[in-house]
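Structure first, commentary second.
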Amino acid sequence: MKKLNEQQGLTVENEMIEFANLGDEVVVTALDRLVVLTKAKMTALDMVKTIATLAEVAQNLLATLVKNCGTCEDCGHCEEMDTENIKLPDYMLETAGIPKDAKLIAYAEEDSGIVRVEQAEYDHDIADIPEDIRELLSNYGICMGELDALLVKGEFLHG
Ligand SMILES: [Zn+2]
């Protein structure tokens, strides 16, 4: 594991660049949670091999997530999850002293016509995962109930 150097960022040694078959010119692309170093000019073979490598990286991450969540065996929790974030107008949040980007949770009071909404004590849950990614993870067999629990906990996963 490499720690980031505050002055110089991160150094990638030439041996690593050679190992990765990147050639003389590279492109560094910063994405959400990922920095990718690729060949500046690619042949069709380079492109196919890069795609295969990215798929392998994604596969490894999925495998780690499965290890942490487990696969779903009709746990029941998966079907009754709230997959929509609750939204309230900014002025209401401000009046209530709730930060604009805070997570909200709702409690229904039985047969009262009243639903209470308040700031959650956690930052993320399953509703923060875009539907297409949720579907992909679900199709992969990952238990959405367990994933929700891990998102709420926010702890580091073990490989
Ligand atoms: Zn489940």
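Ordering of the structure tokens sets the chain letters (A, B, ...), residue numbers begin anew at 1 in every chain, and ligands are numbered from 1 in the order given.
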
- Item | Contacts of Ile142 in chain A within 8 Å, only C-alpha atoms, excl. fewer than 5 positions in-chain, as a PyMOL selection string | chain A and resi 65-66+69-72+137+147

- Using only C-alpha atoms, which residues sit within 10 Å of range 27-42 of chain A once same-chain residues fewer than 6 positions away are excluded, as a list in words?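 Selected residues are Val12, Ile17, Ala20, Asn21, Val48, Thr50 and Leu54 of chain A.
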
- Task: Check every protein, DNA and RNA residue against ligand 1, keep those with an atom at most 8 Å away (counting only C-alpha atoms and all ligand atoms), and present them as a list in words.
- Result: Thr71, Cys72, Glu73, Asp74, Cys75, Gly76, His77, Cys78, Glu79, Ile142, Cys143, Met144, Gly145 and Glu146 of chain A

- Message: DSSP on the backbone, helix (DSSP H, G or I) only: what residues of range 22-98 of chain A does that give? Format it as number ranges by chain.
- Response: A: 44-69, 90-96

How would the residues just chosen look if you wrote them out with N, CA and C atoms as a CSV table (one decimal), in the first residue's frame?
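Result went into part.csv, see below:
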```csv
chain,number,residue,atom,x,y,z
A,44,ALA,N,-6.2,-1.7,-31.5
A,44,ALA,CA,-7.4,-2.5,-31.1
A,44,ALA,C,-7.1,-3.5,-30.0
A,45,LEU,N,-5.9,-4.1,-30.2
A,45,LEU,CA,-5.5,-5.1,-29.2
A,45,LEU,C,-5.3,-4.5,-27.8
A,46,ASP,N,-4.6,-3.3,-27.8
A,46,ASP,CA,-4.4,-2.6,-26.5
A,46,ASP,C,-5.8,-2.3,-25.9
A,47,MET,N,-6.7,-1.8,-26.7
A,47,MET,CA,-8.0,-1.5,-26.2
A,47,MET,C,-8.7,-2.7,-25.6
A,48,VAL,N,-8.7,-3.8,-26.3
A,48,VAL,CA,-9.4,-5.0,-25.8
A,48,VAL,C,-8.7,-5.5,-24.5
A,49,LYS,N,-7.4,-5.4,-24.5
A,49,LYS,CA,-6.7,-5.9,-23.3
A,49,LYS,C,-6.9,-5.0,-22.1
A,50,THR,N,-7.0,-3.7,-22.4
A,50,THR,CA,-7.4,-2.7,-21.3
A,50,THR,C,-8.8,-2.9,-20.8
A,51,ILE,N,-9.7,-3.2,-21.7
A,51,ILE,CA,-11.1,-3.5,-21.2
A,51,ILE,C,-11.1,-4.7,-20.4
A,52,ALA,N,-10.4,-5.8,-20.8
A,52,ALA,CA,-10.3,-7.0,-20.1
A,52,ALA,C,-9.7,-6.8,-18.7
A,53,THR,N,-8.7,-5.9,-18.6
A,53,THR,CA,-8.1,-5.7,-17.3
A,53,THR,C,-9.1,-4.9,-16.4
A,54,LEU,N,-9.8,-3.9,-17.0
A,54,LEU,CA,-10.8,-3.2,-16.2
A,54,LEU,C,-11.9,-4.1,-15.7
A,55,ALA,N,-12.3,-5.0,-16.5
A,55,ALA,CA,-13.3,-6.0,-16.1
A,55,ALA,C,-12.8,-6.9,-15.0
A,56,GLU,N,-11.5,-7.2,-15.0
A,56,GLU,CA,-10.9,-8.0,-14.0
A,56,GLU,C,-10.9,-7.3,-12.7
A,57,VAL,N,-10.6,-6.0,-12.8
A,57,VAL,CA,-10.5,-5.1,-11.6
A,57,VAL,C,-11.9,-5.1,-11.0
A,58,ALA,N,-12.9,-4.8,-11.8
A,58,ALA,CA,-14.3,-4.7,-11.3
A,58,ALA,C,-14.8,-6.1,-10.7
A,59,GLN,N,-14.4,-7.2,-11.3
A,59,GLN,CA,-14.7,-8.5,-10.9
A,59,GLN,C,-14.1,-8.8,-9.5
A,60,ASN,N,-12.9,-8.3,-9.3
A,60,ASN,CA,-12.2,-8.5,-8.0
A,60,ASN,C,-12.9,-7.7,-6.9
A,61,LEU,N,-13.4,-6.5,-7.3
A,61,LEU,CA,-14.1,-5.6,-6.3
A,61,LEU,C,-15.4,-6.2,-5.9
A,62,LEU,N,-16.1,-6.8,-7.0
A,62,LEU,CA,-17.4,-7.5,-6.7
A,62,LEU,C,-17.2,-8.7,-5.8
A,63,ALA,N,-16.1,-9.4,-6.1
A,63,ALA,CA,-15.9,-10.6,-5.2
A,63,ALA,C,-15.7,-10.2,-3.8
A,64,THR,N,-15.0,-9.1,-3.6
A,64,THR,CA,-14.7,-8.6,-2.2
A,64,THR,C,-16.0,-8.2,-1.6
A,65,LEU,N,-16.9,-7.5,-2.3
A,65,LEU,CA,-18.2,-7.1,-1.8
A,65,LEU,C,-19.0,-8.3,-1.5
A,66,VAL,N,-19.0,-9.3,-2.3
A,66,VAL,CA,-19.8,-10.5,-2.0
A,66,VAL,C,-19.3,-11.1,-0.7
A,67,LYS,N,-18.0,-11.1,-0.5
A,67,LYS,CA,-17.4,-11.7,0.7
A,67,LYS,C,-17.9,-11.0,1.9
A,68,ASN,N,-18.0,-9.7,1.8
A,68,ASN,CA,-18.5,-8.9,2.9
A,68,ASN,C,-20.0,-8.9,3.1
A,69,CYS,N,-20.7,-8.9,2.1
A,69,CYS,CA,-22.2,-8.9,2.2
A,69,CYS,C,-22.8,-10.3,2.2
A,90,ASP,N,-35.5,23.1,1.2
A,90,ASP,CA,-34.4,23.7,2.0
A,90,ASP,C,-34.8,24.5,3.2
A,91,TYR,N,-35.9,25.3,3.0
A,91,TYR,CA,-36.3,26.2,4.1
A,91,TYR,C,-36.8,25.4,5.3
A,92,MET,N,-37.4,24.2,5.1
A,92,MET,CA,-37.8,23.4,6.2
A,92,MET,C,-36.6,22.8,6.9
A,93,LEU,N,-35.6,22.4,6.1
A,93,LEU,CA,-34.4,21.8,6.8
A,93,LEU,C,-33.7,22.9,7.6
A,94,GLU,N,-33.7,24.1,7.0
A,94,GLU,CA,-33.0,25.2,7.7
A,94,GLU,C,-33.7,25.5,9.0
A,95,THR,N,-35.1,25.5,9.0
A,95,THR,CA,-35.8,25.8,10.2
A,95,THR,C,-35.6,24.7,11.2
A,96,ALA,N,-35.5,23.5,10.8
A,96,ALA,CA,-35.3,22.4,11.7
A,96,ALA,C,-33.8,22.2,12.2
```

- Would you please give, as JSON, numbers by chain, all residues of range 28-155 of chain A that DSSP assigns to strand (DSSP E or B) based on the backbone? {"A": [28, 29, 30, 31, 34, 35, 36, 37, 38, 39, 71, 104, 105, 106, 107, 108, 109, 114, 115, 116, 117, 118, 119, 142]}

- Tell me, as a ChimeraX atom specification, which residues lie within 12 Å of Asn85 in chain A, counting only C-alpha atoms; anything in the same chain fewer than 3 positions away does not count. /A:81-82,88,101-106,117,119-120,123-130
